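Containing compact mmCIF, C-alpha atoms and all ligand atoms: data38.txt.
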```txt
# COMPACT_ATOMS: atom_id res chain seq x y z
CA MET A 176 0.00 0.00 0.00
CA ASP A 177 1.22 3.43 -0.89
CA PHE A 178 -0.59 6.35 0.74
CA SER A 179 1.90 8.99 -0.34
CA VAL A 180 0.36 12.18 -1.67
CA SER A 181 1.64 13.58 -4.97
CA GLN A 182 2.76 17.19 -5.19
CA ASP A 183 -0.18 17.98 -7.52
CA VAL A 184 -2.70 16.69 -5.01
CA ARG A 185 -0.89 18.44 -2.15
CA THR A 186 -1.20 21.71 -4.07
CA MET A 187 -4.90 21.13 -4.69
CA ILE A 188 -5.50 20.36 -1.00
CA ASP A 189 -3.72 23.58 -0.03
CA MET A 190 -5.80 25.58 -2.52
CA VAL A 191 -9.05 24.06 -1.25
CA THR A 192 -8.06 24.59 2.39
CA GLU A 193 -7.25 28.24 1.77
CA PHE A 194 -10.51 28.75 -0.12
CA VAL A 195 -12.58 27.08 2.61
CA ASP A 196 -10.87 29.21 5.28
CA LYS A 197 -11.15 32.52 3.42
CA GLU A 198 -14.39 32.20 1.46
CA LEU A 199 -16.65 29.65 3.16
CA ILE A 200 -16.02 29.63 6.90
CA PRO A 201 -16.80 33.39 7.06
CA MET A 202 -20.20 32.59 5.46
CA GLU A 203 -21.13 30.07 8.13
CA PRO A 204 -22.86 32.52 10.53
CA GLU A 205 -25.21 33.41 7.65
CA PHE A 206 -25.65 29.75 6.78
CA LEU A 207 -26.73 29.08 10.36
CA ALA A 208 -29.03 32.08 10.60
CA ARG A 209 -30.77 32.21 7.20
CA PRO A 210 -32.71 29.74 5.02
CA PHE A 211 -30.38 28.09 2.51
CA HIS A 212 -32.22 29.36 -0.58
CA GLU A 213 -31.36 32.95 0.40
CA LEU A 214 -27.66 32.05 0.21
CA VAL A 215 -27.84 30.41 -3.22
CA PRO A 216 -26.91 33.53 -5.28
CA GLN A 217 -23.88 34.20 -3.06
CA LEU A 218 -22.87 30.54 -3.24
CA ALA A 219 -23.18 30.66 -7.05
CA GLN A 220 -20.48 33.34 -7.03
CA LYS A 221 -18.25 31.13 -4.91
CA ARG A 222 -18.88 28.28 -7.35
CA ASP A 223 -17.73 30.53 -10.20
CA LEU A 224 -14.49 31.20 -8.32
CA VAL A 225 -13.98 27.46 -7.86
CA LYS A 226 -14.49 26.91 -11.60
CA GLN A 227 -11.94 29.63 -12.35
CA MET A 228 -9.49 27.82 -10.07
CA GLU A 229 -10.21 24.63 -12.08
CA LEU A 230 -11.21 22.75 -8.93
CA TRP A 231 -14.85 22.11 -9.89
CA GLY A 232 -16.29 18.58 -9.66
CA PRO A 233 -13.19 16.53 -8.79
CA ILE A 234 -15.02 13.21 -9.05
CA TYR A 235 -16.74 13.82 -12.38
CA PRO A 236 -15.36 12.76 -15.76
CA GLN A 237 -13.45 15.44 -17.65
CA GLN A 238 -15.71 15.05 -20.71
CA TYR A 239 -18.55 16.54 -18.62
CA GLY A 240 -16.46 19.35 -17.15
CA GLY A 241 -15.21 17.59 -14.02
CA MET A 242 -11.62 16.90 -12.99
CA GLY A 243 -11.78 13.11 -13.35
CA LEU A 244 -9.55 12.48 -10.32
CA PRO A 245 -8.80 8.94 -9.17
CA LEU A 246 -10.60 7.83 -5.98
CA MET A 247 -7.62 8.19 -3.62
CA ASP A 248 -6.96 11.77 -4.77
CA SER A 249 -10.58 12.88 -4.64
CA ALA A 250 -10.89 11.28 -1.18
CA LEU A 251 -8.15 13.58 0.13
CA LEU A 252 -9.90 16.62 -1.33
CA TYR A 253 -13.16 15.59 0.35
CA GLU A 254 -11.46 15.90 3.72
CA ALA A 255 -10.56 19.51 2.86
CA PHE A 256 -14.14 20.22 1.60
CA GLY A 257 -15.60 18.68 4.78
CA ARG A 258 -14.10 21.37 6.98
CA SER A 259 -17.14 23.54 6.21
CA PRO A 260 -20.78 22.44 5.70
CA LEU A 261 -20.68 24.53 2.50
CA GLY A 262 -17.59 22.86 1.06
CA LEU A 263 -19.06 20.05 -1.00
CA TYR A 264 -21.80 22.23 -2.43
CA VAL A 265 -19.42 24.97 -3.53
CA PHE A 266 -16.94 22.53 -5.11
CA GLY A 267 -19.81 20.83 -6.98
CA CYS A 268 -19.71 17.37 -5.45
CA GLN A 269 -22.49 17.39 -2.87
CA ALA A 270 -24.80 14.51 -2.03
CA PRO A 271 -27.13 13.35 -3.43
CA ASP A 272 -26.06 14.78 -6.81
CA ALA A 273 -22.66 13.10 -6.69
CA GLY A 274 -24.19 9.62 -6.28
CA ASN A 275 -26.83 10.31 -8.91
CA ALA A 276 -24.21 11.52 -11.38
CA GLU A 277 -22.22 8.37 -10.76
CA ILE A 278 -25.09 6.05 -11.66
CA LEU A 279 -26.28 8.23 -14.55
CA GLU A 280 -22.82 7.99 -16.02
CA LEU A 281 -22.69 4.23 -15.60
CA TYR A 282 -26.25 3.33 -16.58
CA GLY A 283 -27.74 6.34 -18.39
CA THR A 284 -28.64 6.38 -22.06
CA ASP A 285 -27.18 9.10 -24.30
CA ARG A 286 -30.46 11.02 -24.03
CA GLN A 287 -30.50 10.73 -20.23
CA LYS A 288 -26.90 11.89 -20.05
CA ASP A 289 -27.63 14.95 -22.19
CA ALA A 290 -30.83 15.84 -20.36
CA TYR A 291 -29.76 15.11 -16.77
CA LEU A 292 -26.09 14.21 -16.28
CA ARG A 293 -24.46 17.11 -18.11
CA PRO A 294 -26.51 19.93 -16.49
CA LEU A 295 -26.14 18.20 -13.12
CA ILE A 296 -22.36 18.08 -13.34
CA GLU A 297 -22.24 21.64 -14.63
CA GLY A 298 -24.16 22.70 -11.51
CA ARG A 299 -27.09 24.09 -13.52
CA ILE A 300 -29.65 21.77 -11.88
CA ARG A 301 -29.91 19.67 -8.73
CA SER A 302 -31.35 16.21 -8.14
CA CYS A 303 -32.54 13.91 -5.38
CA PHE A 304 -32.69 10.19 -4.68
CA ALA A 305 -35.90 8.59 -3.42
CA MET A 306 -35.68 5.14 -1.92
CA THR A 307 -36.77 5.31 1.73
CA GLU A 308 -40.48 5.04 2.47
CA VAL A 309 -42.48 6.36 5.39
CA GLU A 310 -44.21 3.12 6.36
CA LEU A 311 -41.51 0.53 5.68
CA PRO A 312 -37.98 -0.04 7.00
CA GLY A 313 -35.29 1.71 5.04
CA SER A 314 -32.89 -0.83 6.55
CA ASN A 315 -34.58 -3.55 4.55
CA PRO A 316 -35.51 -1.76 1.33
CA VAL A 317 -36.70 -4.89 -0.46
CA MET A 318 -39.82 -4.16 1.58
CA MET A 319 -41.06 -1.43 -0.74
CA ASP A 320 -44.59 -0.26 -1.49
CA THR A 321 -43.92 2.26 -4.22
CA THR A 322 -44.89 0.81 -7.59
CA ALA A 323 -44.20 1.78 -11.18
CA ALA A 324 -46.85 0.09 -13.32
CA ARG A 325 -46.41 -0.04 -17.08
CA ASP A 326 -49.17 1.65 -19.05
CA GLY A 327 -48.39 1.70 -22.76
CA ASP A 328 -45.08 3.50 -23.16
CA ASP A 329 -45.25 5.01 -19.69
CA TYR A 330 -44.65 4.08 -16.06
CA VAL A 331 -47.29 5.23 -13.59
CA ILE A 332 -45.71 5.68 -10.18
CA ASN A 333 -47.57 5.57 -6.87
CA GLY A 334 -45.98 5.64 -3.44
CA HIS A 335 -45.02 7.60 -0.36
CA LYS A 336 -41.34 8.39 0.16
CA TRP A 337 -39.54 10.51 2.69
CA TYR A 338 -36.06 11.64 3.56
CA THR A 339 -35.56 12.50 -0.08
CA THR A 340 -32.62 14.80 0.59
CA ALA A 341 -32.58 18.08 -1.37
CA ALA A 342 -35.90 17.39 -3.12
CA ASP A 343 -36.96 21.02 -2.62
CA GLY A 344 -35.98 22.72 -5.88
CA ALA A 345 -34.46 19.59 -7.45
CA ALA A 346 -35.06 19.23 -11.19
CA PHE A 347 -35.50 15.47 -10.99
CA ALA A 348 -35.58 12.51 -8.65
CA ILE A 349 -34.17 9.05 -9.22
CA VAL A 350 -36.98 6.96 -7.76
CA MET A 351 -36.76 3.33 -6.65
CA ALA A 352 -40.06 1.59 -7.38
CA VAL A 353 -41.31 -1.96 -7.75
CA THR A 354 -41.74 -2.78 -11.43
CA ASP A 355 -42.39 -6.52 -11.03
CA THR A 356 -44.21 -7.68 -7.91
CA GLU A 357 -43.70 -11.33 -8.91
CA ALA A 358 -39.91 -11.19 -9.23
CA SER A 359 -37.49 -12.34 -6.51
CA PRO A 360 -36.95 -9.66 -3.82
CA TYR A 361 -33.74 -8.21 -5.26
CA ARG A 362 -35.07 -8.16 -8.85
CA ARG A 363 -38.41 -6.44 -8.11
CA ALA A 364 -37.35 -2.82 -8.14
CA SER A 365 -36.05 -0.44 -10.78
CA MET A 366 -34.68 3.10 -10.83
CA ILE A 367 -36.66 5.64 -12.80
CA ILE A 368 -35.86 9.28 -13.51
CA VAL A 369 -38.81 11.47 -12.54
CA PRO A 370 -38.69 15.19 -13.39
CA SER A 371 -40.05 17.08 -10.39
CA ASP A 372 -42.48 19.09 -12.55
CA THR A 373 -44.29 15.86 -13.52
CA PRO A 374 -47.96 16.03 -12.42
CA GLY A 375 -48.35 13.70 -9.42
CA PHE A 376 -44.89 14.47 -7.99
CA ASN A 377 -46.08 16.12 -4.80
CA LEU A 378 -43.60 17.51 -2.30
CA VAL A 379 -45.64 17.35 0.92
CA ARG A 380 -43.12 19.14 3.14
CA ASN A 381 -39.52 19.58 4.09
CA ILE A 382 -39.27 17.35 7.15
CA PRO A 383 -38.08 19.09 10.33
CA VAL A 384 -34.87 17.26 11.27
CA MET A 385 -33.44 18.07 14.71
CA GLY A 386 -35.62 21.18 14.77
CA HIS A 387 -34.62 22.38 11.29
CA ALA A 388 -36.87 21.98 8.25
CA GLY A 389 -34.45 23.67 5.86
CA THR A 390 -34.94 24.75 2.26
CA ASP A 391 -33.47 24.02 -1.17
CA TRP A 392 -30.39 21.74 -1.07
CA ASP A 393 -30.36 21.90 2.73
CA SER A 394 -33.59 19.93 3.24
CA HIS A 395 -35.14 16.47 3.33
CA GLY A 396 -38.44 16.04 1.52
CA GLU A 397 -41.52 13.93 2.04
CA ILE A 398 -43.00 13.14 -1.36
CA LEU A 399 -46.27 11.58 -2.48
CA TYR A 400 -46.20 10.03 -5.94
CA GLN A 401 -49.78 10.03 -7.12
CA ASN A 402 -50.32 8.56 -10.59
CA CYS A 403 -47.05 10.18 -11.56
CA ARG A 404 -46.56 9.32 -15.24
CA VAL A 405 -43.17 9.27 -16.95
CA PRO A 406 -42.05 7.68 -20.24
CA CYS A 407 -40.49 4.21 -20.02
CA SER A 408 -37.40 5.73 -21.62
CA ASN A 409 -36.76 7.28 -18.17
CA LEU A 410 -35.83 3.86 -16.81
CA LEU A 411 -32.22 3.82 -15.62
CA GLY A 412 -30.43 0.62 -16.63
CA THR A 413 -32.75 -2.33 -17.16
CA GLU A 414 -35.95 -3.31 -15.39
CA GLY A 415 -35.30 -5.09 -12.09
CA GLU A 416 -31.76 -3.71 -11.82
CA GLY A 417 -32.59 -1.17 -9.08
CA PHE A 418 -30.74 -2.87 -6.22
CA VAL A 419 -27.71 -3.66 -8.36
CA ILE A 420 -27.45 0.04 -9.25
CA ALA A 421 -28.05 1.04 -5.62
CA GLN A 422 -25.06 -1.07 -4.54
CA GLN A 423 -22.92 0.70 -7.10
CA ARG A 424 -23.95 4.04 -5.60
CA LEU A 425 -22.58 3.00 -2.21
CA GLY A 426 -18.97 2.06 -3.02
CA PRO A 427 -16.86 5.11 -3.92
CA GLY A 428 -19.65 7.30 -2.49
CA ARG A 429 -19.02 5.87 0.96
CA ILE A 430 -15.33 6.80 0.75
CA HIS A 431 -16.32 10.38 -0.02
CA HIS A 432 -18.89 10.50 2.81
CA CYS A 433 -16.32 9.21 5.28
CA MET A 434 -13.59 11.60 4.16
CA ARG A 435 -16.03 14.48 4.51
CA TRP A 436 -16.61 13.27 8.08
CA ILE A 437 -12.85 13.22 8.68
CA GLY A 438 -12.86 16.85 7.54
CA ILE A 439 -15.54 17.57 10.16
CA CYS A 440 -13.39 15.80 12.76
CA THR A 441 -10.33 17.92 11.94
CA ARG A 442 -12.37 21.14 12.06
CA ALA A 443 -13.92 20.22 15.44
CA PHE A 444 -10.53 19.07 16.73
CA ASP A 445 -8.85 22.35 15.71
CA LEU A 446 -11.59 24.32 17.45
CA MET A 447 -11.25 22.16 20.56
CA CYS A 448 -7.47 22.65 20.75
CA ARG A 449 -7.66 26.38 20.12
CA ARG A 450 -10.29 26.75 22.83
CA ALA A 451 -8.27 24.64 25.26
CA VAL A 452 -5.16 26.82 24.92
CA THR A 453 -7.01 30.16 25.10
CA ARG A 454 -9.74 29.63 27.70
CA PRO A 455 -8.55 30.63 31.18
CA ILE A 456 -9.75 28.27 33.86
CA ASP A 457 -8.03 30.00 36.76
CA PRO A 458 -5.83 33.12 36.84
CA ASP A 459 -2.68 31.24 35.78
CA GLN A 460 -3.94 28.42 33.65
CA THR A 461 -5.99 27.54 30.60
CA LEU A 462 -8.21 24.53 29.99
CA ALA A 463 -5.24 22.91 28.24
CA SER A 464 -3.63 22.37 31.66
CA LYS A 465 -6.36 19.92 32.68
CA GLN A 466 -5.50 16.26 32.29
CA ILE A 467 -8.96 15.30 31.10
CA VAL A 468 -8.72 17.79 28.23
CA GLN A 469 -5.22 16.53 27.41
CA GLN A 470 -6.60 12.98 27.32
CA TRP A 471 -9.37 14.04 24.94
CA VAL A 472 -6.87 15.81 22.70
CA ALA A 473 -4.58 12.76 22.59
CA GLU A 474 -7.41 10.30 22.03
CA CYS A 475 -9.13 12.39 19.36
CA ALA A 476 -5.85 12.93 17.48
CA ALA A 477 -5.15 9.19 17.38
CA GLU A 478 -8.74 8.24 16.55
CA ILE A 479 -8.95 10.72 13.66
CA HIS A 480 -5.61 9.49 12.33
CA ALA A 481 -6.71 5.84 12.56
CA ALA A 482 -10.07 6.61 10.94
CA ARG A 483 -8.39 8.47 8.05
CA LEU A 484 -6.01 5.58 7.38
CA MET A 485 -8.92 3.14 7.48
CA VAL A 486 -10.82 5.11 4.84
CA LEU A 487 -7.75 5.50 2.64
CA HIS A 488 -7.16 1.77 2.92
CA ALA A 489 -10.75 1.06 1.82
CA ALA A 490 -10.27 3.48 -1.09
CA TRP A 491 -7.04 1.68 -1.98
CA MET A 492 -8.91 -1.67 -1.88
CA ILE A 493 -11.63 -0.34 -4.19
CA GLU A 494 -9.06 1.04 -6.62
CA ASN A 495 -6.93 -2.07 -6.66
CA GLN A 496 -9.40 -4.92 -6.11
CA GLY A 497 -12.84 -3.48 -6.88
CA VAL A 498 -15.95 -2.67 -4.81
CA LYS A 499 -16.92 -6.32 -4.31
CA ALA A 500 -13.60 -7.31 -2.73
CA ALA A 501 -13.75 -4.24 -0.47
CA ARG A 502 -17.24 -4.87 0.92
CA LYS A 503 -16.08 -5.56 4.48
CA GLU A 504 -13.76 -2.54 4.53
CA ILE A 505 -16.54 -0.30 3.15
CA SER A 506 -18.78 -1.36 6.05
CA TYR A 507 -16.00 -0.94 8.65
CA ILE A 508 -15.44 2.68 7.71
CA LYS A 509 -19.14 3.56 7.68
CA TYR A 510 -19.75 2.78 11.35
CA THR A 511 -16.22 3.51 12.60
CA VAL A 512 -15.87 6.99 11.12
CA ALA A 513 -19.47 8.00 11.92
CA ASN A 514 -18.82 7.16 15.58
CA VAL A 515 -15.36 8.79 15.71
CA MET A 516 -16.96 11.93 14.30
CA ALA A 517 -19.75 11.85 16.89
CA LYS A 518 -17.20 11.49 19.71
CA VAL A 519 -14.88 14.21 18.43
CA VAL A 520 -17.72 16.70 17.88
CA ASP A 521 -19.17 15.89 21.31
CA ARG A 522 -15.84 16.44 23.07
CA ALA A 523 -15.13 19.64 21.16
CA LEU A 524 -18.55 20.92 22.16
CA GLN A 525 -17.93 19.93 25.79
CA VAL A 526 -14.62 21.83 25.88
CA HIS A 527 -16.48 24.94 24.66
CA GLY A 528 -18.98 24.69 27.55
CA GLY A 529 -22.00 26.95 27.09
CA LEU A 530 -20.46 28.46 23.97
CA GLY A 531 -20.52 25.01 22.36
CA MET A 532 -24.30 24.89 22.67
CA THR A 533 -24.74 28.17 20.79
CA ASP A 534 -24.57 28.77 17.05
CA ASP A 535 -21.58 31.07 17.62
CA THR A 536 -19.37 28.16 16.58
CA ILE A 537 -20.14 25.47 13.99
CA LEU A 538 -20.05 22.71 16.63
CA ALA A 539 -23.73 22.72 17.63
CA TYR A 540 -24.67 22.50 13.94
CA TYR A 541 -22.40 19.48 13.48
CA TYR A 542 -23.79 17.92 16.63
CA ARG A 543 -27.36 18.22 15.26
CA ALA A 544 -26.85 17.62 11.56
CA GLU A 545 -24.27 14.86 11.63
CA ARG A 546 -26.04 12.59 14.13
CA ALA A 547 -27.77 11.19 11.07
CA ALA A 548 -24.46 9.70 9.87
CA ARG A 549 -25.11 6.69 12.09
CA ILE A 550 -28.47 6.12 10.35
CA TYR A 551 -28.36 6.93 6.63
CA ASP A 552 -26.57 4.73 4.08
CA GLY A 553 -27.17 1.82 6.44
CA ALA A 554 -27.53 2.17 10.22
CA ASP A 555 -24.53 1.15 12.37
CA GLU A 556 -26.26 -2.04 13.44
CA VAL A 557 -26.96 -3.13 9.87
CA HIS A 558 -23.32 -2.74 8.82
CA LYS A 559 -22.04 -4.42 11.97
CA ALA A 560 -24.39 -7.37 11.48
CA ALA A 561 -23.25 -7.73 7.84
CA VAL A 562 -19.56 -7.60 8.81
CA ALA A 563 -20.03 -10.08 11.67
CA ARG A 564 -21.96 -12.51 9.45
CA ARG A 565 -19.15 -12.46 6.90
CA ILE A 566 -16.44 -12.98 9.52
CA LEU A 567 -18.33 -15.78 11.29
CA ARG A 568 -19.19 -17.49 8.02
CA ASP A 569 -15.51 -17.66 7.16
CA VAL A 570 -14.73 -19.15 10.57
CA ALA A 571 -17.50 -21.78 10.49
C1 LIG B 1 -30.45 13.01 7.25
C2 LIG B 1 -30.94 11.85 6.44
C3 LIG B 1 -30.85 11.88 5.06
C4 LIG B 1 -31.35 10.83 4.28
N1 LIG B 1 -31.33 10.93 2.91
C5 LIG B 1 -31.94 9.98 2.18
C6 LIG B 1 -32.08 10.12 0.75
O1 LIG B 1 -31.62 11.11 0.16
N2 LIG B 1 -32.79 9.18 0.07
C7 LIG B 1 -33.33 8.09 0.68
O2 LIG B 1 -33.93 7.26 0.02
N3 LIG B 1 -33.20 7.92 2.04
C8 LIG B 1 -32.55 8.83 2.79
N4 LIG B 1 -32.46 8.70 4.16
C9 LIG B 1 -33.12 7.58 4.79
C10 LIG B 1 -32.14 6.55 5.35
O3 LIG B 1 -31.52 5.85 4.30
C11 LIG B 1 -32.95 5.64 6.31
O4 LIG B 1 -33.35 6.44 7.42
C12 LIG B 1 -32.12 4.46 6.77
O5 LIG B 1 -31.93 3.54 5.71
C13 LIG B 1 -32.82 3.72 7.94
O6 LIG B 1 -34.13 3.38 7.57
P1 LIG B 1 -35.34 3.75 8.54
O7 LIG B 1 -35.25 5.19 8.90
O8 LIG B 1 -36.59 3.31 7.88
O9 LIG B 1 -35.09 2.94 9.89
P2 LIG B 1 -35.48 1.42 10.15
O10 LIG B 1 -35.15 0.58 8.98
O11 LIG B 1 -36.86 1.39 10.67
O12 LIG B 1 -34.47 1.04 11.32
C14 LIG B 1 -34.55 1.67 12.61
C15 LIG B 1 -33.39 1.23 13.47
O13 LIG B 1 -33.47 -0.17 13.65
C16 LIG B 1 -32.18 -0.71 13.81
N5 LIG B 1 -32.01 -1.80 12.84
C17 LIG B 1 -32.44 -1.82 11.56
N6 LIG B 1 -32.08 -2.99 10.96
C18 LIG B 1 -31.43 -3.70 11.89
C19 LIG B 1 -30.79 -4.98 11.89
N7 LIG B 1 -30.76 -5.76 10.79
N8 LIG B 1 -30.20 -5.40 13.05
C20 LIG B 1 -30.23 -4.63 14.16
N9 LIG B 1 -30.81 -3.41 14.21
C21 LIG B 1 -31.39 -2.95 13.09
C22 LIG B 1 -31.18 0.42 13.56
O14 LIG B 1 -30.75 0.91 14.82
C23 LIG B 1 -32.00 1.47 12.87
O15 LIG B 1 -31.53 2.78 13.12
C24 LIG B 1 -31.92 9.72 4.93
C25 LIG B 1 -31.98 9.66 6.35
C26 LIG B 1 -31.49 10.70 7.10
C27 LIG B 1 -31.60 10.63 8.59
```

Take the structure I supplied and represent it as structure tokens, if you would.
Amino acid sequence: MDFSVSQDVRTMIDMVTEFVDKELIPMEPEFLARPFHELVPQLAQKRDLVKQMELWGPIYPQQYGGMGLPLMDSALLYEAFGRSPLGLYVFGCQAPDAGNAEILELYGTDRQKDAYLRPLIEGRIRSCFAMTEVELPGSNPVMMDTTAARDGDDYVINGHKWYTTAADGAAFAIVMAVTDTEASPYRRASMIIVPSDTPGFNLVRNIPVMGHAGTDWDSHGEILYQNCRVPCSNLLGTEGEGFVIAQQRLGPGRIHHCMRWIGICTRAFDLMCRRAVTRPIDPDQTLASKQIVQQWVAECAAEIHAARLMVLHAAWMIENQGVKAARKEISYIKYTVANVMAKVVDRALQVHGGLGMTDDTILAYYYRAERAARIYDGADEVHKAAVARRILRDVA
């Protein structure tokens, strides 16, 4: 394994870090105080700057205007983006668009790529991904009620989804729906592109999550599909291939999620250390003199380092042996990094005392918004059960 970082990538990381520090972190008080849609024009200007710096869309193919970086290199950039909640959006590689672009590139027809992939990568439109349903367990998505029934040359979609991240203002959704109720569980569902202006695509509300309903990209929608009719040519891949495509979405995408979380860890850790060395705790000493704080600093530093190496190793596995061979490692990083992040953010908040609970630092936001990391893309327990089954099967 070679985790050395080339000079080119080092330069890009330095450019991103400087941009995040100078252009994005100063916008965070506004981000915390105002609805996201009010910030969109200002963020569009930042996106233009990123394009001028030729750092737009590191994970996207060059033919569509991205940088086409290999996984290991883009992973390192994601850590730098993750140091601000605005980073991924401004560098054009935010979820769920990044995952949708990945599967559109792999499975889309030429028409679908022209209509959806190109404008998505160029940042002209946004998208969302609708799998989870209100009434059934997202942890076991083969239990799915949403149907797409063929009617002539159309699919007619009916169902009730929620947690469709960034649905508010998205141009289209990639919707998982059952196309063949008789097929075996993993062959029943398909992915279908549904433009959000299709009659029957009804955004019920932006769900309040940890007290914040959000708007635009910064939201999670509940959507009723009521006789929502789209042409069969909007099918992504082939009929019954939905779960195969969904698996694809979770390989490299998980590396990027986890590296973003490492970026959050480093930001919280920096804040914690700075607070520790500047906060007086008695006339002669700062918080940094307290052993418990020193322990937290030492433990967090080692845990972040270990988590980063674990993610880079999983990325290395994917690059060298493919997603299938790296399945265990991809699960390890999901629950390990999500929990390291939760611990680091919690400790950083604790060191800030009452200040940590306010929105005067970014820590309370991270504490609220990133709790979900242990739930989406497979809850901790689901990944741990899958890993344990694989290990025990090999032993038996
Ligand atoms: C912020 C956020 C954003 C999201 N964005 C999207 C999105 O864009 N698109 C989308 O389709 N979905 C999205 N989701 C939904 C997410 O994928 C689901 O919440 C997740 O899959 C869990 O499904 P569920 O909520 O139905 O919980 P359930 O499946 O009901 O599970 C509840 C709990 O049961 C436990 N559990 C489940 N299975 C097992 C098991 N096998 N063994 C032991 N314990 C178990 C876990 O602790 C789990 O947290 C998002 C969720 C959040 C919170």

Between atom CA of Phe256 of chain A and atom CA of Gln469 of chain A, what is the distance in Å, rounded to a tenth?
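Taking atom CA of Phe256 of chain A as the start and atom CA of Gln469 of chain A as the end point, the length is 27.6 Å.
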
Considering only C-alpha atoms and all ligand atoms, give me a table of residues in chain A that are at most 9 Å from ligand LIG 1 (chain B), with the closest atom pair and distance in Å for each, as a tab-separated table.
```
residue	atom	partner	partner_atom	distance
A:Ala270	CA	B:LIG1	O1	7.9
A:Pro271	CA	B:LIG1	O1	6.2
A:Cys303	CA	B:LIG1	O1	6.3
A:Phe304	CA	B:LIG1	N2	4.9
A:Ala305	CA	B:LIG1	O2	4.2
A:Met306	CA	B:LIG1	O2	3.4
A:Thr307	CA	B:LIG1	O2	3.8
A:Glu308	CA	B:LIG1	O8	6.9
A:Val309	CA	B:LIG1	O8	7.1
A:Glu310	CA	B:LIG1	O8	7.8
A:Leu311	CA	B:LIG1	O8	6.1
A:Pro312	CA	B:LIG1	O10	3.5
A:Gly313	CA	B:LIG1	O6	3.2
A:Ser314	CA	B:LIG1	O10	3.6
A:Asn315	CA	B:LIG1	O10	6.1
A:Pro316	CA	B:LIG1	O5	7.8
A:Lys336	CA	B:LIG1	O2	7.5
A:Trp337	CA	B:LIG1	N3	6.9
A:Tyr338	CA	B:LIG1	C8	4.6
A:Thr339	CA	B:LIG1	O1	4.2
A:Thr340	CA	B:LIG1	O1	3.8
A:Ala341	CA	B:LIG1	O1	7.2
A:Ala342	CA	B:LIG1	O1	8.3
A:Val350	CA	B:LIG1	O2	8.4
A:Met351	CA	B:LIG1	O2	8.2
A:Val384	CA	B:LIG1	C1	7.3
A:Ser394	CA	B:LIG1	C1	8.6
A:His395	CA	B:LIG1	C3	6.5
A:Gly396	CA	B:LIG1	O1	8.5
A:Ala544	CA	B:LIG1	C1	7.3
A:Glu545	CA	B:LIG1	C1	7.8
A:Arg546	CA	B:LIG1	C27	8.1
A:Ala547	CA	B:LIG1	C27	4.6
A:Ala548	CA	B:LIG1	C27	7.3
A:Arg549	CA	B:LIG1	O15	7.6
A:Ile550	CA	B:LIG1	O15	5.3
A:Tyr551	CA	B:LIG1	C10	4.0
A:Asp552	CA	B:LIG1	O3	5.1
A:Gly553	CA	B:LIG1	O5	5.1
A:Ala554	CA	B:LIG1	O15	5.0
A:Asp555	CA	B:LIG1	O14	6.7
A:Glu556	CA	B:LIG1	C20	4.8
A:Val557	CA	B:LIG1	C19	4.7
A:His558	CA	B:LIG1	N7	8.3
A:Lys559	CA	B:LIG1	N8	8.3
A:Ala560	CA	B:LIG1	N8	6.3
A:Ala561	CA	B:LIG1	N7	8.3
```

Just to confirm, what's the straight-line distance from atom CA of Tyr540 of chain A to atom CA of Gln220 of chain A in Å (one decimal)?
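Interatomic distance, atom CA of Tyr540 of chain A to atom CA of Gln220 of chain A: 24.0 Å.
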
Nearest residue to Gly531 of chain A from the set A:Ala443, A:Arg363, A:Leu411, A:Thr511 (distances using all atoms listed in the file):
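Nearest to Gly531 of chain A: A:Ala443.
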
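A distance cut-off of 9 Å around (-36.2, 10.5, -26.1), counting only C-alpha atoms, selects these protein and nucleic acid residues: A:Arg286, A:Gln287, A:Pro406, A:Ser408, A:Asn409.
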
A:Ala345, A:Arg442, A:Lys221, A:Gly241: which is nearest Asp372 of chain A, counting all atoms listed in the file?
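Distance minimum relative to Asp372 of chain A lands on A:Ala345.
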
I'd like to know which of A:Asp189, A:Ala477, A:Trp392, A:Ile437 is closest to Glu213 of chain A, using only C-alpha atoms.
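When distances to Glu213 of chain A are compared using only C-alpha atoms, the smallest one comes from A:Trp392.
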
Judged by only C-alpha atoms, the minimum distance to Gly344 of chain A among A:Lys226, A:Tyr282, A:Phe211, A:Lys518 is found for A:Phe211

Starting from the point (-29.0, 32.6, 4.4), work out which residues of protein, DNA or RNA have an atom no more than 12 Å away when counting all atoms listed in the file; state them as number ranges by chain.
A: 202-218, 261, 389-391, 393

For Val317 of chain A: contacts at 9 Å, all atoms listed in the file, fewer than 6 positions along chain excluded, given as a list in words:
Pro360, Tyr361, Arg363, Ala364 and Phe418 of chain A

Expected file contents, prior selection, C-alpha atoms, as a PDB file, in the coordinates of the input:
```
ATOM      1  CA  PRO A 360     -36.950  -9.660  -3.820  1.00  0.00           C
ATOM      2  CA  TYR A 361     -33.740  -8.210  -5.260  1.00  0.00           C
ATOM      3  CA  ARG A 363     -38.410  -6.440  -8.110  1.00  0.00           C
ATOM      4  CA  ALA A 364     -37.350  -2.820  -8.140  1.00  0.00           C
ATOM      5  CA  PHE A 418     -30.740  -2.870  -6.220  1.00  0.00           C
TER       6      PHE A 418
END
```

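Closest to Ile467 of chain A among A:Ala451, A:Ile479, A:Met190, A:Leu292 is A:Ala451, based on all atoms listed in the file.
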